[in-house]
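Shown next: entry_24.txt, containing compact mmCIF, C-alpha atoms.
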# COMPACT_ATOMS: atom_id res chain seq x y z
CA MET A 9 -42.06 132.79 168.96
CA VAL A 10 -38.43 131.85 169.24
CA GLU A 11 -37.83 133.42 165.84
CA ASN A 12 -39.43 136.66 167.01
CA ASN A 13 -37.32 136.74 170.16
CA LYS A 14 -34.18 136.23 168.15
CA ASN A 15 -35.19 139.07 165.91
CA ASN A 16 -35.80 141.41 168.84
CA LEU A 17 -32.51 140.40 170.36
CA HIS A 18 -30.84 141.17 167.07
CA ILE A 19 -32.44 144.63 166.91
CA ASP A 20 -31.44 145.35 170.52
CA HIS A 21 -27.91 144.25 169.79
CA GLU A 22 -27.74 146.47 166.70
CA ALA A 23 -29.20 149.42 168.59
CA ALA A 24 -26.69 149.01 171.42
CA ALA A 25 -23.83 148.86 168.93
CA THR A 26 -25.15 152.00 167.20
CA ASP A 27 -25.46 153.81 170.53
CA ARG A 28 -21.92 152.86 171.50
CA ALA A 29 -20.53 153.93 168.12
CA MET A 30 -22.42 157.20 168.20
CA PHE A 31 -21.21 157.94 171.72
CA GLY A 32 -17.63 157.25 170.66
CA PHE A 33 -18.04 159.60 167.74
CA TRP A 34 -19.61 162.17 170.05
CA ILE A 35 -16.49 162.04 172.25
CA TYR A 36 -14.37 162.73 169.16
CA LEU A 37 -16.59 165.69 168.26
CA MET A 38 -16.30 167.15 171.75
CA THR A 39 -12.49 166.93 171.69
CA ASP A 40 -12.55 168.56 168.26
CA LEU A 41 -14.72 171.27 169.78
CA LEU A 42 -12.06 171.79 172.43
CA MET A 43 -9.47 172.29 169.70
CA PHE A 44 -11.71 174.88 168.02
CA ALA A 45 -12.23 176.54 171.40
CA VAL A 46 -8.47 176.97 171.79
CA LEU A 47 -8.24 178.44 168.27
CA PHE A 48 -11.09 180.82 169.15
CA ALA A 49 -9.23 181.82 172.31
CA VAL A 50 -6.08 182.48 170.27
CA TYR A 51 -8.04 184.56 167.77
CA SER A 52 -9.80 186.56 170.50
CA VAL A 53 -6.45 187.33 172.07
CA LEU A 54 -4.60 188.22 168.85
CA PHE A 55 -7.19 189.88 166.62
CA LYS A 56 -6.00 193.36 167.64
CA SER A 57 -2.35 192.59 166.83
CA THR A 58 -2.32 193.91 163.27
CA GLN A 59 1.06 195.71 163.55
CA GLY A 60 -0.56 198.81 162.06
CA GLY A 61 -1.94 196.82 159.12
CA PRO A 62 -5.60 196.61 158.12
CA GLY A 63 -7.97 194.86 160.52
CA GLY A 64 -10.96 192.62 159.91
CA SER A 65 -13.38 195.41 159.02
CA GLU A 66 -11.16 196.47 156.11
CA LEU A 67 -10.43 192.95 154.90
CA PHE A 68 -13.66 190.99 155.32
CA SER A 69 -16.86 191.15 153.34
CA LEU A 70 -19.93 190.71 155.57
CA ARG A 71 -22.11 189.90 152.58
CA LEU A 72 -19.80 187.06 151.59
CA ALA A 73 -19.72 185.74 155.15
CA LEU A 74 -23.53 185.86 155.31
CA THR A 75 -23.73 183.92 152.02
CA GLU A 76 -21.37 181.30 153.45
CA THR A 77 -23.47 181.08 156.62
CA LEU A 78 -26.73 180.64 154.70
CA ILE A 79 -25.18 177.96 152.48
CA LEU A 80 -23.84 175.99 155.43
CA LEU A 81 -27.08 176.41 157.37
CA THR A 82 -29.10 175.10 154.44
CA SER A 83 -26.70 172.17 154.07
CA SER A 84 -27.16 171.37 157.77
CA PHE A 85 -30.92 171.29 157.12
CA THR A 86 -30.63 169.10 153.99
CA VAL A 87 -28.34 166.64 155.80
CA GLY A 88 -31.11 166.33 158.41
CA LEU A 89 -33.64 165.53 155.68
CA ALA A 90 -31.15 163.04 154.22
CA MET A 91 -30.97 161.25 157.59
CA ILE A 92 -34.76 161.01 157.81
CA ALA A 93 -34.69 159.32 154.40
CA ALA A 94 -31.79 157.10 155.51
CA ARG A 95 -33.73 155.82 158.54
CA ARG A 96 -36.52 154.83 156.13
CA PHE A 97 -33.90 153.12 153.92
CA ASN A 98 -35.04 155.27 151.00
CA LYS A 99 -31.98 155.13 148.78
CA SER A 100 -32.99 157.60 146.07
CA GLN A 101 -33.97 160.27 148.62
CA VAL A 102 -30.76 159.69 150.58
CA LEU A 103 -28.72 160.19 147.43
CA PHE A 104 -30.72 163.27 146.49
CA TRP A 105 -30.44 165.06 149.85
CA PHE A 106 -26.82 164.09 150.42
CA GLY A 107 -26.15 165.23 146.86
CA VAL A 108 -27.66 168.63 147.67
CA THR A 109 -25.61 168.77 150.88
CA PHE A 110 -22.46 167.90 148.97
CA ALA A 111 -23.12 170.60 146.37
CA LEU A 112 -23.73 173.18 149.11
CA GLY A 113 -20.52 172.09 150.85
CA VAL A 114 -18.56 172.55 147.63
CA ALA A 115 -20.15 175.99 147.13
CA PHE A 116 -19.21 176.99 150.68
CA LEU A 117 -15.65 175.77 150.25
CA SER A 118 -15.17 177.55 146.92
CA ILE A 119 -16.36 180.86 148.39
CA GLU A 120 -13.97 180.42 151.31
CA LEU A 121 -11.05 179.56 149.04
CA LYS A 122 -11.86 182.55 146.82
CA GLU A 123 -11.82 184.80 149.89
CA PHE A 124 -8.46 183.34 151.00
CA ALA A 125 -7.01 183.66 147.50
CA GLU A 126 -8.04 187.33 147.28
CA LEU A 127 -6.54 188.11 150.69
CA ILE A 128 -3.29 186.37 149.80
CA HIS A 129 -3.19 188.04 146.39
CA GLU A 130 -3.46 191.45 148.08
CA GLY A 131 -0.54 190.51 150.32
CA HIS A 132 -2.52 189.71 153.47
CA THR A 133 -0.89 186.37 154.11
CA LEU A 134 -0.49 184.16 157.14
CA LYS A 135 2.96 185.61 157.84
CA ILE A 136 2.07 189.33 157.96
CA ASN A 137 0.83 189.63 161.54
CA ALA A 138 -0.61 187.70 164.46
CA PHE A 139 -4.17 188.68 163.53
CA LEU A 140 -3.90 187.19 160.04
CA SER A 141 -2.11 184.10 161.36
CA SER A 142 -4.85 183.35 163.86
CA PHE A 143 -7.57 184.16 161.29
CA PHE A 144 -6.19 181.79 158.66
CA ILE A 145 -5.57 179.04 161.20
CA LEU A 146 -9.06 179.25 162.73
CA VAL A 147 -11.08 179.60 159.52
CA GLY A 148 -8.69 177.32 157.62
CA THR A 149 -9.07 174.54 160.20
CA HIS A 150 -12.84 174.73 159.78
CA GLY A 151 -12.41 174.68 155.99
CA LEU A 152 -10.18 171.63 156.30
CA HIS A 153 -12.91 169.87 158.32
CA ILE A 154 -15.41 170.73 155.59
CA THR A 155 -13.01 169.32 152.99
CA PHE A 156 -12.62 166.05 154.91
CA GLY A 157 -16.39 165.96 155.45
CA LEU A 158 -16.90 166.21 151.69
CA LEU A 159 -14.36 163.45 151.04
CA TRP A 160 -16.03 161.27 153.64
CA MET A 161 -19.45 162.03 152.16
CA SER A 162 -18.36 161.09 148.65
CA THR A 163 -16.85 157.76 149.73
CA THR A 164 -19.86 156.84 151.88
CA LEU A 165 -22.26 157.77 149.07
CA ALA A 166 -20.21 155.61 146.70
CA TYR A 167 -20.87 152.72 149.11
CA VAL A 168 -24.59 153.56 149.16
CA ILE A 169 -24.73 153.58 145.36
CA LYS A 170 -22.79 150.33 145.09
CA ARG A 171 -24.25 148.27 147.93
CA GLY A 172 -27.54 149.95 148.77
CA LEU A 173 -28.54 151.00 152.29
CA ASN A 174 -28.02 148.72 155.28
CA SER A 175 -28.06 149.46 158.98
CA GLN A 176 -24.27 149.73 159.13
CA LEU A 177 -24.21 152.33 156.36
CA VAL A 178 -27.06 154.23 158.02
CA ARG A 179 -24.92 154.35 161.17
CA LYS A 180 -22.04 155.78 159.13
CA LEU A 181 -24.34 158.33 157.54
CA ALA A 182 -25.66 159.27 161.00
CA MET A 183 -22.09 160.02 162.14
CA LEU A 184 -21.47 162.01 159.00
CA SER A 185 -24.62 164.05 159.57
CA LEU A 186 -23.56 164.64 163.18
CA PHE A 187 -20.16 165.84 161.94
CA TRP A 188 -21.86 168.16 159.46
CA HIS A 189 -24.21 169.68 162.06
CA PHE A 190 -21.19 170.14 164.32
CA LEU A 191 -19.29 172.05 161.62
CA ASP A 192 -22.32 174.28 161.11
CA ILE A 193 -22.40 175.13 164.82
CA VAL A 194 -18.66 175.92 164.80
CA TRP A 195 -19.24 178.14 161.75
CA ILE A 196 -21.94 180.10 163.59
CA PHE A 197 -19.25 181.15 166.05
CA ILE A 198 -16.77 181.94 163.28
CA PHE A 199 -19.46 184.07 161.61
CA THR A 200 -20.15 185.88 164.88
CA ILE A 201 -16.70 186.19 166.46
CA VAL A 202 -14.58 186.64 163.33
CA TYR A 203 -16.84 188.35 160.79
CA LEU A 204 -19.66 190.15 162.65
CA LYS A 205 -17.43 191.21 165.55
CA ALA A 206 -14.95 192.84 163.15
CA PHE A 207 -17.64 195.37 162.21
CA VAL A 208 -18.85 196.14 165.73
CA MET B 60 -29.49 161.44 169.11
CA SER B 61 -29.47 157.93 167.76
CA ALA B 62 -32.66 155.98 167.77
CA VAL B 63 -33.77 152.47 167.07
CA GLY B 64 -35.38 151.74 163.70
CA HIS B 65 -39.00 151.09 164.65
CA GLU B 66 -39.16 154.01 167.09
CA VAL B 67 -38.02 156.43 164.44
CA LYS B 68 -40.78 155.45 162.02
CA GLN B 69 -43.38 156.71 164.46
CA SER B 70 -41.68 159.99 165.18
CA GLU B 71 -40.59 160.63 161.61
CA HIS B 72 -43.16 163.33 161.04
CA SER B 73 -42.17 165.16 164.20
CA THR B 74 -38.48 164.82 163.23
CA THR B 75 -39.10 166.53 159.88
CA ARG B 76 -41.02 169.22 161.69
CA SER B 77 -38.19 169.70 164.17
CA TYR B 78 -35.70 170.19 161.31
CA VAL B 79 -37.98 172.73 159.62
CA ILE B 80 -38.50 174.65 162.88
CA GLY B 81 -34.75 174.53 163.57
CA PHE B 82 -33.93 175.77 160.09
CA ILE B 83 -36.37 178.70 160.27
CA LEU B 84 -35.18 179.71 163.74
CA SER B 85 -31.55 179.47 162.60
CA LEU B 86 -32.29 181.74 159.64
CA ILE B 87 -33.92 184.27 161.96
CA PHE B 88 -31.00 184.12 164.40
CA THR B 89 -28.59 184.67 161.50
CA PHE B 90 -30.37 187.64 159.94
CA ILE B 91 -31.06 189.56 163.17
CA PRO B 92 -27.39 189.92 164.24
CA TYR B 93 -26.38 190.58 160.62
CA LYS B 94 -28.92 193.43 160.35
CA LEU B 95 -27.90 194.74 163.78
CA VAL B 96 -24.27 195.01 162.67
CA VAL B 97 -25.05 196.44 159.22
CA ASN B 98 -27.61 199.01 160.40
CA LYS B 99 -25.72 199.85 163.61
CA THR B 100 -29.00 200.28 165.51
CA VAL B 101 -27.03 199.62 168.68
CA THR B 102 -23.29 200.08 168.99
CA GLY B 103 -20.31 199.13 171.10
CA THR B 104 -20.61 196.67 173.93
CA ALA B 105 -24.40 196.39 173.59
CA LEU B 106 -24.00 195.28 169.96
CA LEU B 107 -21.22 192.86 170.87
CA ILE B 108 -23.31 191.26 173.61
CA SER B 109 -26.36 191.05 171.33
CA ILE B 110 -24.53 189.22 168.54
CA LEU B 111 -22.96 186.82 171.04
CA VAL B 112 -26.38 186.13 172.56
CA PHE B 113 -27.79 185.40 169.09
CA ALA B 114 -24.87 183.03 168.40
CA LEU B 115 -25.62 181.16 171.63
CA LEU B 116 -29.37 181.05 170.81
CA GLN B 117 -28.48 179.72 167.38
CA MET B 118 -26.27 177.05 168.98
CA PHE B 119 -29.07 175.95 171.32
CA VAL B 120 -31.54 175.86 168.42
CA GLN B 121 -29.24 173.63 166.39
CA ILE B 122 -28.40 171.39 169.33
CA THR B 123 -32.08 170.92 170.12
CA PHE B 124 -33.62 170.72 166.65
CA PHE B 125 -30.74 169.31 164.54
CA LEU B 126 -28.67 167.21 166.94
CA HIS B 127 -31.64 166.24 169.16
CA LEU B 128 -29.23 166.20 172.06
CA GLY B 129 -30.75 164.91 175.27
CA ARG B 130 -33.46 162.87 173.53
CA GLY B 131 -31.51 159.60 173.57
CA PRO B 132 -31.97 156.80 176.10
CA LYS B 133 -31.05 157.50 179.73
CA PRO B 134 -28.48 157.93 181.18
CA ARG B 135 -27.58 160.65 178.67
CA TRP B 136 -23.83 160.35 178.72
CA ASN B 137 -23.44 162.37 175.54
CA LEU B 138 -25.31 165.26 177.14
CA TYR B 139 -23.13 165.13 180.28
CA PHE B 140 -20.01 164.96 178.17
CA PHE B 141 -21.23 167.96 176.20
CA TYR B 142 -21.77 169.93 179.42
CA SER B 143 -18.29 169.13 180.69
CA THR B 144 -16.82 170.18 177.33
CA VAL B 145 -18.69 173.48 177.51
CA GLY B 146 -17.30 173.92 181.03
CA ILE B 147 -13.72 173.37 179.85
CA ILE B 148 -14.30 175.75 176.93
CA LEU B 149 -15.57 178.47 179.24
CA ILE B 150 -12.48 178.08 181.41
CA VAL B 151 -10.03 178.01 178.48
CA VAL B 152 -11.54 180.76 176.32
CA GLY B 153 -12.80 182.99 179.13
CA GLY B 154 -9.58 182.53 181.11
CA SER B 155 -7.34 183.30 178.12
CA ILE B 156 -9.26 186.45 177.26
CA MET B 157 -9.32 187.64 180.86
CA ILE B 158 -5.62 186.99 181.45
CA THR B 159 -4.45 188.65 178.23
CA ASN B 160 -6.70 191.64 178.74
CA ASN B 161 -5.08 192.12 182.13
CA LEU B 162 -1.70 191.69 180.51
CA HIS B 163 -2.52 194.30 177.85
CA TYR B 164 -3.75 196.64 180.54
CA ASN B 165 -0.72 196.24 182.78
CA MET B 166 1.98 196.06 180.14
CA MET B 167 0.53 198.08 177.26
CA PRO B 168 2.79 196.12 174.93
CA SER B 169 1.99 198.06 171.75
CA ASP B 170 2.86 201.43 173.33
CA GLN B 171 5.99 199.98 174.87
CA THR B 172 7.10 198.63 171.52
CA LYS B 173 6.44 201.96 169.81
CA LYS B 174 8.42 203.80 172.46
CA LEU B 175 11.28 201.35 172.16
CA LEU B 176 11.33 201.64 168.37
CA ASN B 177 11.35 205.43 168.62
CA ASP B 178 14.06 205.50 171.27
CA GLU B 179 16.29 203.06 169.48
CA ASN B 180 15.49 204.47 166.05
CA ILE B 181 14.85 201.05 164.65
CA TYR B 182 13.09 201.83 161.43
CA GLN B 183 13.14 198.39 159.89
CA ILE B 184 12.55 194.95 161.34
CA GLY B 185 12.79 191.91 159.11
CA GLY B 186 12.47 194.06 155.97
CA GLY B 187 9.22 195.71 157.10
CA ARG B 188 9.09 199.36 158.10
CA THR B 189 8.15 200.06 161.69
CA GLY B 190 6.05 202.90 163.02
CA VAL B 191 8.98 205.33 163.05
CA CYS B 192 9.23 206.00 159.32
CA GLN B 193 6.19 204.57 157.60
CA ALA B 194 6.02 206.91 154.61
CA GLN B 195 8.75 207.80 152.15
CA HIS B 196 9.91 211.38 152.35
CA GLU B 197 12.37 213.53 150.45
CA ASN B 198 15.57 212.03 149.05
CA HIS B 199 18.94 213.83 149.50
CA ARG B 200 22.00 212.99 147.45
CA VAL B 201 25.69 213.17 148.35
CA ASN B 202 28.14 212.88 145.45
CA ILE B 203 31.64 211.70 146.21
CA SER B 204 34.10 212.40 143.39
CA ASP B 205 37.91 212.50 143.66
CA GLY B 206 37.62 212.18 147.43
CA LEU B 207 35.46 215.31 147.67
CA VAL B 208 32.00 215.38 149.17
CA SER B 209 29.32 217.56 147.60
CA PRO B 210 27.32 219.02 149.11
CA LEU B 211 29.37 219.14 152.27
CA TYR B 212 26.40 219.97 154.50
CA ILE B 213 22.94 218.51 154.22
CA THR B 214 19.87 219.44 156.23
CA ALA B 215 17.03 216.97 156.17
CA GLN B 216 13.76 216.20 157.92
CA LYS B 217 13.43 213.06 159.99
CA CYS B 218 12.48 210.05 157.83
CA ASP B 219 13.97 211.56 154.66
CA THR B 220 16.42 209.36 152.79
CA LEU B 221 20.07 210.01 152.08
CA THR B 222 21.86 208.51 149.07
CA PHE B 223 25.63 208.20 148.86
CA ILE B 224 26.85 208.13 145.24
CA ASN B 225 30.35 206.87 144.58
CA ASN B 226 31.88 208.37 141.40
CA ASP B 227 35.39 207.19 142.23
CA GLU B 228 37.33 204.17 141.03
CA LYS B 229 37.68 202.69 144.51
CA TYR B 230 34.88 201.54 146.80
CA LEU B 231 33.78 203.65 149.77
CA GLU B 232 33.22 202.56 153.33
CA ILE B 233 30.92 205.16 154.86
CA SER B 234 31.29 205.36 158.63
CA PHE B 235 29.76 207.70 161.15
CA GLY B 236 31.32 209.59 164.02
CA LEU B 237 35.03 210.32 164.34
CA HIS B 238 37.79 208.21 162.83
CA PRO B 239 38.90 205.64 163.87
CA GLU B 240 36.25 204.98 166.56
CA HIS B 241 32.91 204.92 164.81
CA ASP B 242 29.37 205.33 166.00
CA ALA B 243 26.48 203.68 164.29
CA TYR B 244 23.85 205.94 162.77
CA ALA B 245 20.29 204.53 163.14
CA GLY B 246 21.72 201.05 163.24
CA GLU B 247 23.84 201.65 160.12
CA ASN B 248 27.62 201.39 160.18
CA ASP B 249 30.41 200.84 157.65
CA ILE B 250 28.23 201.08 154.55
CA ILE B 251 30.08 199.72 151.52
CA VAL B 252 29.40 201.69 148.30
CA ARG B 253 31.03 200.15 145.24
CA SER B 254 32.54 202.21 142.43
CA GLY B 255 29.87 203.85 140.28
CA LYS B 256 27.10 202.65 142.63
CA SER B 257 24.97 204.23 145.35
CA LYS B 258 23.51 203.27 148.74
CA THR B 259 20.51 204.82 150.47
CA ILE B 260 19.80 205.04 154.18
CA THR B 261 16.73 206.28 156.02
CA LEU B 262 17.34 209.24 158.32
CA SER B 263 15.34 207.94 161.24
CA GLU B 264 17.59 209.39 163.97
CA SER B 265 17.51 213.14 164.54
CA GLY B 266 20.49 215.30 165.40
CA SER B 267 23.73 216.47 163.74
CA PHE B 268 26.10 213.86 162.39
CA ARG B 269 29.38 213.55 160.59
CA PHE B 270 30.24 210.85 158.13
CA HIS B 271 33.54 209.91 156.47
CA ASN B 272 35.08 207.32 154.24
CA HIS B 273 36.79 204.90 156.55
CA LEU B 274 39.40 204.09 153.87
CA GLN B 275 40.18 207.79 153.34
CA PRO B 276 39.16 209.61 156.54
CA GLU B 277 39.64 213.13 155.13
CA THR B 278 36.70 212.50 152.80
CA ALA B 279 33.98 213.63 155.16
CA GLY B 280 30.64 215.43 155.21
CA TYR B 281 27.93 216.50 157.62
CA PHE B 282 24.20 216.10 157.84
CA THR B 283 21.59 217.43 160.21
CA VAL B 284 18.29 215.65 160.74
CA LYS B 285 15.48 217.76 162.19
CA GLU B 286 12.36 216.59 163.90
CA PRO B 287 9.31 217.41 161.74
What does this structure look like when you write it as structure tokens?
Amino acid sequence: MVENNKNNLHIDHEAAATDRAMFGFWIYLMTDLLMFAVLFAVYSVLFKSTQGGPGGSELFSLRLALTETLILLTSSFTVGLAMIAARRFNKSQVLFWFGVTFALGVAFLSIELKEFAELIHEGHTLKINAFLSSFFILVGTHGLHITFGLLWMSTTLAYVIKRGLNSQLVRKLAMLSLFWHFLDIVWIFIFTIVYLKAFV
Amino acid sequence: MSAVGHEVKQSEHSTTRSYVIGFILSLIFTFIPYKLVVNKTVTGTALLISILVFALLQMFVQITFFLHLGRGPKPRWNLYFFYSTVGIILIVVGGSIMITNNLHYNMMPSDQTKKLLNDENIYQIGGGRTGVCQAQHENHRVNISDGLVSPLYITAQKCDTLTFINNDEKYLEISFGLHPEHDAYAGENDIIVRSGKSKTITLSESGSFRFHNHLQPETAGYFTVKEP
């Protein structure tokens, strides 16, 4: 009886700690969202300032942007499946789904870097005009988040492989998955406001 | 958002289902705006509003089915914090766009800049050509040998280029206007041309002009730049 109570108390304590940690992380995400909002505002204001140079419709490939969107969307789905496995403490499934997410993240990032490299190779660099500056800063900041997300994912997965799943690691994975969903939502707006809007 | 271990076990099936539903809806809300833009079934403002609406729908789908926002224990501080963030975003983004649109409307900065560049005949800023002379046009050559200018008179179109070629032993200092008080031509003044070398300027200012070698003022020539 006493044992049982202790156990319940322990679970409650853990749950409260998880809730607090998740709320703290949520606050970080919201402030990050504010930063992205400012970058979106800057882009919306400056996207016409091409100084006579080519605009988005001449520089972007919609097909490529759609591919990026589908990859990131799928990775947001697989990270969800990974979290379901994590809450069951199913290590092999966690590694599998996070592995898929990681691979999709790398694919997304390589497409983005290829796009950037082609633009820069053709002379459309950050310095040319306000439109390109705001484009590279906005999309690049998102890409940087993806890069850090991938780094974070690889280190956390290394922990999972080494130590196995425990409630603390599941909490870390939950934050990671939240971060990943968040980046997907930000990308939806990049896809719409930067890529789709350029062709309207 | 976060949930306690034993609760999750019960709702695991529904969680999987929510991810699948969210994923399918997200795919639909990605393809519809993409097709709308590619096929141009609607255009202009209607198209813009439609793709923005689909982006917002997509956001709500992901918040509901992926983030499970609002399903945590009450009070839902994360939800309230999310709402306040959205409020700030609306003020910042909406406000910035509104203010700058007004600014564009009232100031017309691009037209003003163009006018200024045309008036001042500034054809290059920081190495890049401005709107005045974007394309290269015809090149005219002036040979200077033994202090004599040939041809003495040149007629050119606006935006053509003019090359001074120095065939003498001494360097030239090409100045415009009358000696000794000089005027600048299209921002150019006192152009040094070394012996055996040449210098090219863009004729971005129209009118009739005289040039001379500042070191030997009797070496002089004329050029007329006509508007196309």
Checklist entry - Which residues come within 8 Å of A:Met183, counting all atoms listed in the file, excluding same-chain residues fewer than 4 positions away, as a list in words? => result Met30, Phe33, Arg179 and Phe187 of chain A
Could you give me the centre and size, in Å to one decimal, of an axis-aligned box around all listed atoms of stretch 268-285 of chain B with 6 Å added on every side, as lines of an AutoDock Vina configuration file?
center_x = 27.8
center_y = 210.9
center_z = 157.6
size_x = 36.7
size_y = 25.7
size_z = 21.6
Spatial neighbours of stretch 133-149 of chain A, max dist 6 Å, all atoms listed in the file, sep filter under 6 positions, as a ChimeraX atom specification: /A:47,51,54-55,57-58
- Message: I need the chain B residues near chain A as a PyMOL selection string; criterion: at most 9 Å, counting only C-alpha atoms.
- Response: chain B and resi 60-64+67-68+71+74-75+78-79+81-82+85-86+89-90+92-93+96-97+99+102-104+106-107+110-111+113-115+117-118+121-122+125-126+131+136-137+140-141+144-145+147-149+151-156+159-160+169+189-190
Point (29.5, 205.4, 150.6) neighbourhood (7 Å, only C-alpha atoms) written as number ranges by chain:
B: 223-225, 231-233, 250-252, 258, 272
If you count all atoms listed in the file, the residue of B:Gly246, B:Ala279, B:Leu221, B:Phe235 closest to B:Ser204 turns out to be B:Ala279
